[in-house]
Each structure stands twice: as C-alpha cells, then as structure tokens.
file query_11.txt (compact mmCIF, C-alpha atoms and all ligand atoms)
# COMPACT_ATOMS: atom_id res chain seq x y z
CA MET A 207 -22.44 18.49 22.50
CA PHE A 208 -24.21 20.71 25.05
CA ARG A 209 -27.30 18.47 25.03
CA LEU A 210 -28.22 16.04 27.80
CA ASP A 211 -31.07 14.20 26.07
CA GLY A 212 -31.67 10.74 27.52
CA ARG A 213 -29.54 11.44 30.60
CA VAL A 214 -30.60 11.50 34.22
CA ALA A 215 -29.29 14.22 36.54
CA VAL A 216 -29.40 14.59 40.32
CA VAL A 217 -29.19 17.93 42.15
CA THR A 218 -28.72 17.93 45.94
CA GLY A 219 -30.03 20.77 48.13
CA ALA A 220 -32.25 21.66 45.19
CA TYR A 221 -35.04 23.60 46.93
CA GLY A 222 -33.09 26.80 47.71
CA LYS A 223 -31.80 29.77 45.72
CA LEU A 224 -29.39 28.16 43.21
CA GLY A 225 -30.90 24.65 43.07
CA PRO A 226 -33.69 25.65 40.67
CA VAL A 227 -31.10 27.30 38.39
CA TRP A 228 -29.22 24.02 38.00
CA VAL A 229 -32.48 22.03 37.73
CA GLY A 230 -33.88 24.38 35.04
CA ALA A 231 -30.60 24.35 33.09
CA LEU A 232 -30.42 20.54 33.09
CA LEU A 233 -34.09 20.22 32.05
CA ASP A 234 -33.62 22.73 29.23
CA ALA A 235 -30.61 20.72 28.02
CA GLY A 236 -32.87 17.64 27.74
CA ALA A 237 -32.11 15.70 30.96
CA ARG A 238 -34.62 14.18 33.36
CA VAL A 239 -33.87 15.61 36.78
CA ALA A 240 -34.13 14.37 40.36
CA ALA A 241 -34.23 17.29 42.81
CA LEU A 242 -33.14 16.24 46.31
CA ASP A 243 -33.53 18.17 49.55
CA LEU A 244 -34.19 17.66 53.26
CA GLU A 245 -37.41 15.94 54.33
CA GLY A 246 -39.85 18.74 55.15
CA ALA A 247 -37.88 21.44 53.28
CA LYS A 248 -40.18 23.66 51.21
CA PRO A 249 -39.42 23.85 47.47
CA SER A 250 -38.80 27.47 46.50
CA PRO A 251 -41.35 29.12 44.16
CA PRO A 252 -39.04 28.79 41.09
CA LEU A 253 -38.71 25.05 41.75
CA ARG A 254 -42.48 24.68 42.21
CA ASP A 255 -42.94 26.50 38.93
CA LEU A 256 -40.56 24.07 37.17
CA GLN A 257 -42.38 21.16 38.81
CA ALA A 258 -45.69 22.37 37.41
CA ARG A 259 -44.30 23.00 33.91
CA ARG A 260 -42.00 19.96 33.61
CA GLU A 261 -44.09 17.20 35.14
CA GLY A 262 -42.65 13.89 33.92
CA SER A 263 -39.08 15.17 33.56
CA LEU A 264 -38.65 16.45 37.12
CA GLN A 265 -39.26 14.64 40.39
CA LEU A 266 -38.57 15.70 43.97
CA PHE A 267 -37.03 13.34 46.53
CA ALA A 268 -36.33 13.71 50.26
CA CYS A 269 -32.63 13.31 51.00
CA ASP A 270 -30.23 14.41 53.72
CA VAL A 271 -26.67 14.30 52.36
CA THR A 272 -25.30 13.81 55.88
CA SER A 273 -27.10 10.43 56.17
CA ARG A 274 -25.91 7.44 54.16
CA ALA A 275 -29.24 5.63 54.69
CA SER A 276 -31.13 8.63 53.34
CA LEU A 277 -28.77 8.89 50.33
CA ASN A 278 -29.11 5.18 49.56
CA ALA A 279 -32.91 5.39 49.73
CA ALA A 280 -32.88 8.44 47.43
CA ARG A 281 -30.58 6.72 44.94
CA ALA A 282 -32.88 3.67 44.81
CA ALA A 283 -35.94 5.91 44.34
CA VAL A 284 -34.24 7.95 41.59
CA GLU A 285 -33.18 4.77 39.77
CA ASP A 286 -36.73 3.38 40.02
CA ALA A 287 -38.17 6.59 38.62
CA PHE A 288 -35.66 7.43 35.91
CA GLY A 289 -32.84 4.82 35.71
CA PRO A 290 -29.20 5.39 36.72
CA PRO A 291 -28.03 9.00 36.79
CA SER A 292 -24.91 10.16 34.95
CA VAL A 293 -24.90 13.77 36.20
CA LEU A 294 -24.63 14.75 39.87
CA VAL A 295 -24.65 18.38 40.99
CA ASN A 296 -23.38 18.47 44.57
CA ASN A 297 -25.12 21.71 45.48
CA ALA A 298 -26.31 21.16 49.08
CA GLY A 299 -24.40 23.55 51.28
CA ILE A 300 -24.86 25.80 54.29
CA ASP A 301 -23.53 29.26 55.13
CA GLN A 302 -24.65 32.04 57.44
CA PRO A 303 -25.99 35.09 55.63
CA PRO A 304 -25.46 38.51 57.27
CA GLY A 305 -28.44 39.43 59.39
CA PRO A 306 -29.85 39.76 62.85
CA ALA A 307 -28.74 36.25 63.89
CA GLN A 308 -26.15 36.12 66.66
CA THR A 309 -22.73 37.51 65.62
CA TYR A 310 -19.43 36.60 67.27
CA ARG A 311 -15.86 37.80 67.68
CA ILE A 312 -13.37 35.37 66.13
CA ASP A 313 -12.28 33.98 69.49
CA GLU A 314 -15.91 33.28 70.51
CA ILE A 315 -17.24 31.49 67.39
CA PRO A 316 -18.76 28.22 68.68
CA LEU A 317 -17.22 25.07 67.24
CA GLU A 318 -20.67 23.50 66.90
CA ALA A 319 -21.56 25.93 64.09
CA CYS A 320 -18.18 25.19 62.48
CA ARG A 321 -18.75 21.44 62.65
CA ARG A 322 -22.16 21.59 61.01
CA ILE A 323 -20.79 23.52 58.01
CA LEU A 324 -18.02 20.97 57.51
CA GLU A 325 -20.49 18.10 58.01
CA VAL A 326 -22.82 19.27 55.22
CA ASN A 327 -20.47 21.05 52.81
CA VAL A 328 -17.56 18.59 52.87
CA LEU A 329 -18.63 15.23 54.28
CA GLY A 330 -22.11 15.50 52.77
CA LEU A 331 -20.67 16.17 49.33
CA PHE A 332 -18.24 13.28 49.64
CA GLN A 333 -20.91 10.92 50.90
CA ALA A 334 -23.38 11.89 48.13
CA THR A 335 -20.65 11.12 45.60
CA GLN A 336 -20.00 7.73 47.24
CA ALA A 337 -23.71 6.88 47.26
CA PHE A 338 -24.27 7.68 43.58
CA LEU A 339 -21.04 6.12 42.31
CA PRO A 340 -22.52 2.65 41.65
CA ALA A 341 -25.25 4.31 39.57
CA PHE A 342 -22.62 6.22 37.58
CA ARG A 343 -20.85 2.93 36.90
CA SER A 344 -24.14 1.39 35.68
CA ALA A 345 -24.67 4.40 33.43
CA GLY A 346 -21.16 3.97 31.96
CA GLY A 347 -19.72 7.13 33.50
CA GLY A 348 -20.77 10.75 33.76
CA SER A 349 -20.08 14.18 35.17
CA ILE A 350 -20.04 15.43 38.75
CA VAL A 351 -20.27 19.18 39.32
CA ASN A 352 -19.39 20.36 42.82
CA ILE A 353 -20.64 23.82 43.74
CA GLY A 354 -17.79 25.75 45.32
CA SER A 355 -17.19 29.32 46.40
CA LEU A 356 -14.72 32.08 45.66
CA TYR A 357 -13.98 32.05 49.42
CA ALA A 358 -12.09 28.82 48.75
CA GLY A 359 -9.40 30.96 47.17
CA VAL A 360 -9.66 34.38 48.86
CA SER A 361 -10.77 35.45 52.32
CA PRO A 362 -14.15 37.18 52.69
CA ASP A 363 -13.65 40.96 52.84
CA ALA A 364 -15.20 42.04 56.16
CA ARG A 365 -15.45 45.66 54.87
CA LEU A 366 -18.37 44.54 52.67
CA TYR A 367 -20.44 44.15 55.86
CA GLU A 368 -19.07 47.10 57.92
CA HIS A 369 -22.18 49.24 57.30
CA LEU A 370 -24.49 46.69 58.99
CA PRO A 371 -25.53 47.84 62.48
CA LEU A 372 -24.31 44.68 64.22
CA GLU A 373 -22.18 44.32 67.34
CA PRO A 374 -19.87 42.47 67.16
CA PRO A 375 -19.64 43.11 63.39
CA PHE A 376 -20.75 40.35 61.01
CA LEU A 377 -18.10 37.79 60.09
CA LYS A 378 -18.66 35.24 57.36
CA PRO A 379 -18.27 31.84 59.03
CA PRO A 380 -14.60 30.84 58.92
CA MET A 381 -15.54 27.27 58.04
CA TYR A 382 -17.49 28.34 54.95
CA GLY A 383 -14.38 29.18 52.90
CA ALA A 384 -12.47 26.35 54.56
CA SER A 385 -15.20 23.90 53.57
CA LYS A 386 -15.20 25.17 49.98
CA SER A 387 -11.39 24.84 49.80
CA ALA A 388 -11.97 21.24 50.79
CA VAL A 389 -14.57 20.96 47.99
CA SER A 390 -12.00 22.10 45.40
CA SER A 391 -9.47 19.68 46.87
CA LEU A 392 -11.97 16.79 46.79
CA THR A 393 -12.76 17.67 43.18
CA ARG A 394 -9.11 17.05 42.24
CA TYR A 395 -8.96 13.89 44.36
CA LEU A 396 -12.15 12.44 42.87
CA ALA A 397 -11.23 13.52 39.33
CA THR A 398 -8.04 11.46 39.42
CA HIS A 399 -9.51 8.45 41.23
CA LEU A 400 -12.72 8.23 39.17
CA ALA A 401 -11.21 8.89 35.74
CA SER A 402 -10.95 5.14 35.06
CA ASP A 403 -14.73 4.90 35.73
CA ARG A 404 -15.22 7.55 32.98
CA VAL A 405 -16.49 10.00 35.61
CA ARG A 406 -15.34 13.61 35.28
CA VAL A 407 -15.40 15.83 38.38
CA ASN A 408 -15.20 19.63 38.37
CA THR A 409 -16.05 22.57 40.63
CA LEU A 410 -18.30 25.40 39.49
CA ILE A 411 -17.49 28.48 41.57
CA PRO A 412 -20.21 31.14 41.49
CA GLY A 413 -19.23 34.66 42.54
CA GLY A 414 -21.65 36.74 44.61
CA VAL A 415 -25.13 36.12 43.22
CA LEU A 416 -27.67 38.95 43.08
CA GLY A 417 -30.48 38.40 45.59
CA ALA A 418 -32.07 40.19 48.49
CA GLN A 419 -28.80 41.85 49.66
CA ASP A 420 -28.99 45.48 50.88
CA GLU A 421 -28.12 48.27 48.42
CA GLU A 422 -24.90 49.27 50.20
CA PHE A 423 -23.59 45.69 50.03
CA LYS A 424 -24.48 45.45 46.34
CA ARG A 425 -22.65 48.73 45.60
CA LYS A 426 -19.54 47.75 47.55
CA PHE A 427 -19.46 44.23 46.11
CA SER A 428 -19.96 45.42 42.52
CA ASP A 429 -17.05 47.89 42.95
CA ARG A 430 -14.85 44.87 43.77
CA VAL A 431 -15.78 43.05 40.53
CA PRO A 432 -14.04 43.86 37.23
CA LEU A 433 -17.34 43.23 35.36
CA GLY A 434 -18.93 45.75 37.77
CA ARG A 435 -21.91 43.73 39.03
CA LEU A 436 -23.06 40.69 40.96
CA ALA A 437 -23.86 37.50 39.04
CA THR A 438 -27.40 37.01 37.81
CA LEU A 439 -28.92 33.54 37.97
CA SER A 440 -28.73 33.25 34.18
CA ASP A 441 -24.95 33.88 34.27
CA LEU A 442 -24.64 30.46 35.93
CA VAL A 443 -26.60 28.40 33.39
CA GLY A 444 -24.03 28.12 30.57
CA PRO A 445 -21.14 27.10 32.86
CA LEU A 446 -23.27 24.37 34.50
CA VAL A 447 -24.40 22.93 31.16
CA PHE A 448 -20.81 23.08 29.90
CA LEU A 449 -19.49 21.07 32.85
CA ALA A 450 -22.41 18.60 32.91
CA SER A 451 -22.33 17.81 29.18
CA ASP A 452 -19.88 16.38 26.63
CA ALA A 453 -18.93 19.97 25.76
CA SER A 454 -16.36 19.57 28.57
CA SER A 455 -15.37 15.98 27.68
CA TYR A 456 -11.64 16.62 28.31
CA VAL A 457 -12.10 18.82 31.40
CA THR A 458 -11.70 17.21 34.81
CA GLY A 459 -10.31 18.29 38.18
CA HIS A 460 -10.96 21.92 37.23
CA ASP A 461 -12.23 24.91 39.26
CA LEU A 462 -14.39 26.97 36.89
CA LEU A 463 -14.61 30.49 38.31
CA VAL A 464 -17.81 32.29 37.33
CA ASP A 465 -17.08 35.39 39.40
CA GLY A 466 -16.97 38.33 36.98
CA GLY A 467 -13.24 38.56 37.64
CA PHE A 468 -13.56 39.04 41.45
CA THR A 469 -10.50 36.84 42.09
CA ALA A 470 -8.52 38.30 39.16
CA TRP A 471 -8.17 41.62 41.02
N1 LIG B 501 -26.12 32.00 46.75
C1 LIG B 501 -24.87 32.37 46.48
O1 LIG B 501 -24.59 33.56 46.29
C2 LIG B 501 -23.77 31.34 46.39
C3 LIG B 501 -22.52 31.74 45.96
C4 LIG B 501 -21.50 30.81 45.86
C5 LIG B 501 -21.75 29.50 46.18
N2 LIG B 501 -22.98 29.11 46.62
C6 LIG B 501 -23.17 27.68 46.93
O2 LIG B 501 -24.25 27.22 46.17
C7 LIG B 501 -24.93 26.19 46.86
C8 LIG B 501 -26.41 26.52 46.98
O3 LIG B 501 -26.54 27.77 47.63
P1 LIG B 501 -27.95 28.48 47.78
O4 LIG B 501 -27.68 29.95 47.75
O5 LIG B 501 -28.94 27.89 46.84
O6 LIG B 501 -28.31 28.07 49.28
P2 LIG B 501 -29.76 27.88 49.92
O7 LIG B 501 -29.56 27.97 51.40
O8 LIG B 501 -30.75 28.77 49.27
O9 LIG B 501 -30.12 26.38 49.53
C9 LIG B 501 -29.39 25.29 50.06
C10 LIG B 501 -30.31 24.09 50.10
O10 LIG B 501 -29.57 23.01 50.67
C11 LIG B 501 -30.46 22.28 51.51
N3 LIG B 501 -29.70 21.53 52.51
C12 LIG B 501 -29.11 21.98 53.64
N4 LIG B 501 -28.57 20.96 54.31
C13 LIG B 501 -28.83 19.83 53.59
C14 LIG B 501 -28.55 18.47 53.78
N5 LIG B 501 -27.92 18.04 54.87
N6 LIG B 501 -28.96 17.58 52.84
C15 LIG B 501 -29.62 18.01 51.73
N7 LIG B 501 -29.93 19.31 51.51
C16 LIG B 501 -29.54 20.20 52.43
C17 LIG B 501 -31.36 23.33 52.15
O11 LIG B 501 -32.57 22.77 52.62
C18 LIG B 501 -31.55 24.31 50.98
O12 LIG B 501 -32.72 24.03 50.24
C19 LIG B 501 -24.24 26.04 48.21
O13 LIG B 501 -23.30 24.99 48.14
C20 LIG B 501 -23.56 27.39 48.38
O14 LIG B 501 -22.43 27.30 49.21
C21 LIG B 501 -23.99 30.00 46.73
call {"tool": "encode", "arguments": {"input": "query_11.txt", "output": "structure tokens", "more": "lines below"}}
Ligand SMILES: NC(=O)c1ccc[n+]([C@@H]2O[C@H](COP(=O)([O-])OP(=O)(O)OC[C@H]3O[C@@H](n4cnc5c(N)ncnc54)[C@H](O)[C@@H]3O)[C@@H](O)[C@H]2O)c1
result
Amino acid sequence: MFRLDGRVAVVTGAYGKLGPVWVGALLDAGARVAALDLEGAKPSPPLRDLQARREGSLQLFACDVTSRASLNAARAAVEDAFGPPSVLVNNAGIDQPPGPAQTYRIDEIPLEACRRILEVNVLGLFQATQAFLPAFRSAGGGSIVNIGSLYAGVSPDARLYEHLPLEPPFLKPPMYGASKSAVSSLTRYLATHLASDRVRVNTLIPGGVLGAQDEEFKRKFSDRVPLGRLATLSDLVGPLVFLASDASSYVTGHDLLVDGGFTAW
C-alpha cells in the first residue's frame, strides 16, 4: 500500500533543498515524476544526480506557480510525457533565511516582501492545485501533499537568531508563518471540497531541517526539540510516501507534523 507503481507525480519548486527529497521518495516508491521549477532555475546537485540515475522516470519542466499560463503549459507537457498525474506535492515556497541580507524592525518591514511570500506560498499553491485538478479527475482521483511549516502553529522564536551579528536583529518574515497557516487552512478547504473527486489533501509539516545553519543555531534549535536534533532529509521520506500513497487512504484534511516534537513542548 506504500507503492506508487504506475502513478505519475508532480513536485513544484523541485530544484531546491527539499524538492529532491520528495522527488527521490516518489521515484523509489515506483512513480514517474515531473519536477517543476522556475524557468532558468538551476537544479540542485541531488536533483541532477537523480536525473542522471533515473532517466525515463524523471523529467524536468519549467513552471512558475504564480502564472496560470505557465502552470497550464506545464500540465500539458507533463500529460504528454507521462499521462495524467494523481500525486501533486505543492512544495514551491519562499522564505528569507538568516544572513547578511537587509534586516528590518517590525514597523519597517516592506509590504512588497510580504506580498511576494503570500503570492508564491498561498496563491501559487492554490493555483497549482486548480491547474492540475482536471488531470486528477482524468486519473480518477489522487493525493495532494501541501508542504507547510511549524510556524503555521507557533511563532518563530527570535532567540534562536540572537547570536547573529545583525542590526536590527534577524526576524523571520512575518508572512512566512502566516502563509503556512493559510496552507493548512487551504488543505482543510480543499480536502472537503475535493473529496467527491476522490482527491485527498493533506499538509506535511517539516520541522527545522539540518542544512548549512551555524553551529550555535543548531545547538539552540536542537535544545528546543524533544528528540534533541534537527530533522535529516531521510526523516521526511516516510511521511511523504505515506501521504502520497494508499497507505493514507482514509486520511484527508490532516496536518502531519514531522517536527521531532518541537510543537509538543
Ligand atoms: N528547508 C526547511 O527547513 C523547511 C522547513 C519547513 C518547510 N519548508 C518548506 O518546504 C518547501 C521547500 O523548501 P526548500 O527548503 O526546498 O526551499 P528552497 O528555497 O531550497 O527551494 C524552493 C524552490 O522553489 C522554487 N520557486 C520559488 N518560487 C517559485 C515559483 N513562483 N514557482 C515555482 N517554483 C518556485 C525555487 O526556485 C526553489 O528551487 C517550502 O514550501 C518551504 O516553505 C522548508
């Protein structure tokens, strides 16, 4: 029941850090996978590696989730290549990592940056779902997995970034958590409205994922997690396959927290 043999899966924003994790998991479960990302975006080395090893089962397509024309063109190209998809991982999303980029006090955060986050993370996700819905109907139903964030449910803890030598201190963008709250809300909306099309819709919420963060951040973050560490990429594979496959056939409208217990404390 965890297999996806014969199915076609689409992953948006697939060229970054988590995209190749979802793509690899879906390929390993037997699906053929369409990896979508912005025209001109560079596939990350793990995605290029999958492309080289899984030629035939994986194809890359240009697609901007904020453009309906681009989404429609991508859907047509995916259907030509593989047939109608029955799995959609709405992964495309933007954030602002801590770093030397401009930092702001709350009262000075420009609305333009706020708007762009909402445009991609909320409207882009909704529009990608709209664009692929006819294909889901042709395929007889399927599973949509929206990638959320634990900042949908709790506020980012600014103390995690206090050690960074930035003035004003780094603030996670306020619209990031707000956009991911909207993602969880849309999951419930879509789950109820698409149930009669045999489409299940759930949110996978990764906790902090181990990457190139500084050591002090990793120590502070791990202290906040009951399991005592950040997530590894492989921690995310099982939950994605569970939600994408028939293993979760009676699960819809659910937020699956994969956060090591961060939000339980
Ligand atoms: N990395 C983490 O620790 C973490 C934790 C929780 C949730 N998430 C969520 O996981 C998802 C992926 O995160 P990531 O770390 O891989 O980010 P990333 O920045 O590495 O990759 C995001 C990808 O989305 C693409 N993208 C941006 N705008 C797009 C658009 N308009 N249309 C299509 N593609 C677009 C980018 O080109 C990029 O390849 C996001 O939704 C993010 O909010 C990440």
call {"tool": "atom_distance", "arguments": {"input": "query_11.txt", "atom1": "CA of Leu329 (chain A)", "atom2": "CA of Pro290 (chain A)"}}
result
22.7 Å
call {"tool": "residues_around", "arguments": {"input": "query_11.txt", "residues": "region 390-395 of chain A", "least_positions_apart": "4", "cutoff": "9 Å", "atoms": "all atoms listed in the file", "output": "VMD selection string"}}
result
chain A and resid 328 332 350 to 355 358 385 to 386 399 to 400 407 to 409 458 to 461
call {"tool": "residues_near_ligand", "arguments": {"input": "query_11.txt", "ligand": "ligand LIG 501 (chain B)", "cutoff": "8 Å", "atoms": "all atoms listed in the file", "output": "number ranges by chain"}}
result
A: 218-225, 242-244, 247-250, 269-273, 296-301, 326-327, 330, 353-356, 382, 386, 411-417
call {"tool": "atom_distance", "arguments": {"input": "query_11.txt", "atom1": "CA of Leu232 (chain A)", "atom2": "CA of Arg435 (chain A)"}}
result
25.4 Å
call {"tool": "atom_distance", "arguments": {"input": "query_11.txt", "atom1": "CA of Ser454 (chain A)", "atom2": "CA of Arg430 (chain A)"}}
result
29.6 Å
call {"tool": "closest_residue", "arguments": {"input": "query_11.txt", "among": "A:Asp255, A:Glu285, A:Glu314, A:Asp429", "to": "Gly230 (chain A)", "atoms": "all atoms listed in the file"}}
result
A:Asp255
call {"tool": "closest_residue", "arguments": {"input": "query_11.txt", "among": "A:Thr469, A:Ser402, A:Gln419, A:Ser455", "to": "Phe342 (chain A)", "atoms": "all atoms listed in the file"}}
result
A:Ser402
call {"tool": "closest_residue", "arguments": {"input": "query_11.txt", "among": "A:Tyr367, A:Phe288, A:Phe448, A:Trp471", "to": "Met207 (chain A)", "atoms": "all atoms listed in the file"}}
result
A:Phe448
call {"tool": "closest_residue", "arguments": {"input": "query_11.txt", "among": "A:Leu324, A:Ala231, A:Ala241, A:Ala388", "to": "Ala283 (chain A)", "atoms": "all atoms listed in the file"}}
result
A:Ala241
call {"tool": "residues_around", "arguments": {"input": "query_11.txt", "residues": "Phe208 (chain A)", "least_positions_apart": "4", "cutoff": "12 Å", "atoms": "all atoms listed in the file", "output": "mmCIF file with C-alpha atoms, in the frame of the given file"}}
result
data_model
loop_
_atom_site.group_PDB
_atom_site.id
_atom_site.type_symbol
_atom_site.label_atom_id
_atom_site.label_comp_id
_atom_site.auth_asym_id
_atom_site.auth_seq_id
_atom_site.Cartn_x
_atom_site.Cartn_y
_atom_site.Cartn_z
ATOM 1 C CA ALA A 231 -30.600 24.350 33.090
ATOM 2 C CA LEU A 232 -30.420 20.540 33.090
ATOM 3 C CA ASP A 234 -33.620 22.730 29.230
ATOM 4 C CA ALA A 235 -30.610 20.720 28.020
ATOM 5 C CA GLY A 236 -32.870 17.640 27.740
ATOM 6 C CA ALA A 237 -32.110 15.700 30.960
ATOM 7 C CA VAL A 443 -26.600 28.400 33.390
ATOM 8 C CA GLY A 444 -24.030 28.120 30.570
ATOM 9 C CA PRO A 445 -21.140 27.100 32.860
ATOM 10 C CA LEU A 446 -23.270 24.370 34.500
ATOM 11 C CA VAL A 447 -24.400 22.930 31.160
ATOM 12 C CA PHE A 448 -20.810 23.080 29.900
ATOM 13 C CA LEU A 449 -19.490 21.070 32.850
ATOM 14 C CA ALA A 450 -22.410 18.600 32.910
ATOM 15 C CA SER A 451 -22.330 17.810 29.180
ATOM 16 C CA ASP A 452 -19.880 16.380 26.630
ATOM 17 C CA ALA A 453 -18.930 19.970 25.760
ATOM 18 C CA SER A 454 -16.360 19.570 28.570
ATOM 19 C CA SER A 455 -15.370 15.980 27.680
#
call {"tool": "axis_aligned_box", "arguments": {"input": "query_11.txt", "around": "region 355-361 of chain A", "padding_each_side": "4 Å", "output": "AutoDock Vina command-line options"}}
result
--center_x -13.3 --center_y 32.1 --center_z 49.0 --size_x 15.8 --size_y 14.6 --size_z 14.7
call {"tool": "residues_around", "arguments": {"input": "query_11.txt", "residues": "Gly305 (chain A)", "least_positions_apart": "5", "cutoff": "10 Å", "atoms": "all atoms listed in the file", "output": "PDB file with C-alpha atoms, keeping the file's coordinate frame"}}
result
ATOM      1  CA  TYR A 367     -20.440  44.150  55.860  1.00  0.00           C
ATOM      2  CA  LEU A 370     -24.490  46.690  58.990  1.00  0.00           C
ATOM      3  CA  PRO A 371     -25.530  47.840  62.480  1.00  0.00           C
ATOM      4  CA  LEU A 372     -24.310  44.680  64.220  1.00  0.00           C
ATOM      5  CA  PHE A 376     -20.750  40.350  61.010  1.00  0.00           C
TER       6      PHE A 376
END
call {"tool": "residues_around", "arguments": {"input": "query_11.txt", "residues": "region 431-433 of chain A", "least_positions_apart": "5", "cutoff": "6 Å", "atoms": "only C-alpha atoms", "output": "list in words"}}
result
Gly466, Gly467 and Phe468 of chain A
call {"tool": "decode", "arguments": {"input": "query_11.txt", "residues": "region 364-451 of chain A", "atoms": "C-alpha atoms", "output": "compact mmCIF listing (two decimals), in the first residue's frame"}}
result
# COMPACT_ATOMS: atom_id res chain seq x y z
CA ALA A 364 13.68 35.17 17.77
CA ARG A 365 16.15 33.97 20.48
CA LEU A 366 17.34 31.29 18.02
CA TYR A 367 18.93 34.09 15.95
CA GLU A 368 20.09 36.45 18.76
CA HIS A 369 23.75 35.40 18.41
CA LEU A 370 23.92 36.61 14.78
CA PRO A 371 25.79 39.93 14.48
CA LEU A 372 22.96 41.73 12.69
CA GLU A 373 21.45 45.14 13.41
CA PRO A 374 18.50 45.27 13.57
CA PRO A 375 18.38 41.61 14.70
CA PHE A 376 17.13 38.99 12.24
CA LEU A 377 13.37 38.43 12.19
CA LYS A 378 11.82 35.55 10.29
CA PRO A 379 9.42 37.15 7.79
CA PRO A 380 6.03 37.60 9.47
CA MET A 381 4.26 36.46 6.31
CA TYR A 382 6.11 33.13 6.24
CA GLY A 383 4.17 31.65 9.17
CA ALA A 384 1.03 33.50 8.10
CA SER A 385 1.32 31.99 4.62
CA LYS A 386 1.81 28.50 6.05
CA SER A 387 -1.24 28.93 8.32
CA ALA A 388 -3.12 29.69 5.13
CA VAL A 389 -1.66 26.50 3.59
CA SER A 390 -3.04 24.40 6.47
CA SER A 391 -6.39 26.17 6.13
CA LEU A 392 -6.48 25.59 2.35
CA THR A 393 -5.67 21.93 2.97
CA ARG A 394 -8.86 21.58 5.02
CA TYR A 395 -10.88 23.58 2.49
CA LEU A 396 -9.63 21.55 -0.48
CA ALA A 397 -9.94 18.24 1.40
CA THR A 398 -13.66 18.78 1.94
CA HIS A 399 -14.41 20.23 -1.50
CA LEU A 400 -12.39 17.66 -3.49
CA ALA A 401 -13.40 14.55 -1.55
CA SER A 402 -16.16 13.79 -4.09
CA ASP A 403 -13.46 13.83 -6.83
CA ARG A 404 -11.61 11.13 -4.81
CA VAL A 405 -8.78 13.60 -4.17
CA ARG A 406 -7.24 13.58 -0.69
CA VAL A 407 -5.41 16.71 0.52
CA ASN A 408 -3.03 16.86 3.48
CA THR A 409 -0.22 19.06 4.80
CA LEU A 410 3.23 17.66 5.58
CA ILE A 411 4.88 19.95 8.13
CA PRO A 412 8.66 19.51 8.34
CA GLY A 413 10.39 20.83 11.46
CA GLY A 414 13.77 22.55 11.15
CA VAL A 415 15.78 20.59 8.60
CA LEU A 416 19.53 20.14 9.05
CA GLY A 417 21.48 22.14 6.47
CA ALA A 418 24.15 24.80 6.37
CA GLN A 419 22.96 26.54 9.59
CA ASP A 420 25.63 27.84 12.01
CA GLU A 421 26.61 25.65 14.98
CA GLU A 422 25.08 27.96 17.60
CA PHE A 423 21.71 27.89 15.81
CA LYS A 424 21.84 24.10 15.54
CA ARG A 425 22.60 23.77 19.28
CA LYS A 426 19.84 26.16 20.33
CA PHE A 427 17.29 24.64 17.95
CA SER A 428 18.11 21.06 18.99
CA ASP A 429 17.65 22.04 22.67
CA ARG A 430 14.08 23.10 21.76
CA VAL A 431 13.24 19.69 20.22
CA PRO A 432 12.18 16.74 22.41
CA LEU A 433 14.01 14.35 20.03
CA GLY A 434 17.10 16.55 20.54
CA ARG A 435 18.07 17.24 16.92
CA LEU A 436 17.09 18.86 13.65
CA ALA A 437 15.36 16.72 11.01
CA THR A 438 17.52 14.92 8.49
CA LEU A 439 16.35 14.72 4.89
CA SER A 440 15.64 11.00 5.30
CA ASP A 441 13.27 11.72 8.24
CA LEU A 442 10.93 13.29 5.67
CA VAL A 443 10.76 10.40 3.20
CA GLY A 444 8.39 8.02 5.05
CA PRO A 445 5.81 10.72 5.87
CA LEU A 446 5.72 11.90 2.23
CA VAL A 447 5.26 8.37 0.87
CA PHE A 448 2.59 7.71 3.49
CA LEU A 449 0.56 10.77 2.47
CA ALA A 450 1.07 10.27 -1.29
CA SER A 451 0.12 6.58 -1.32
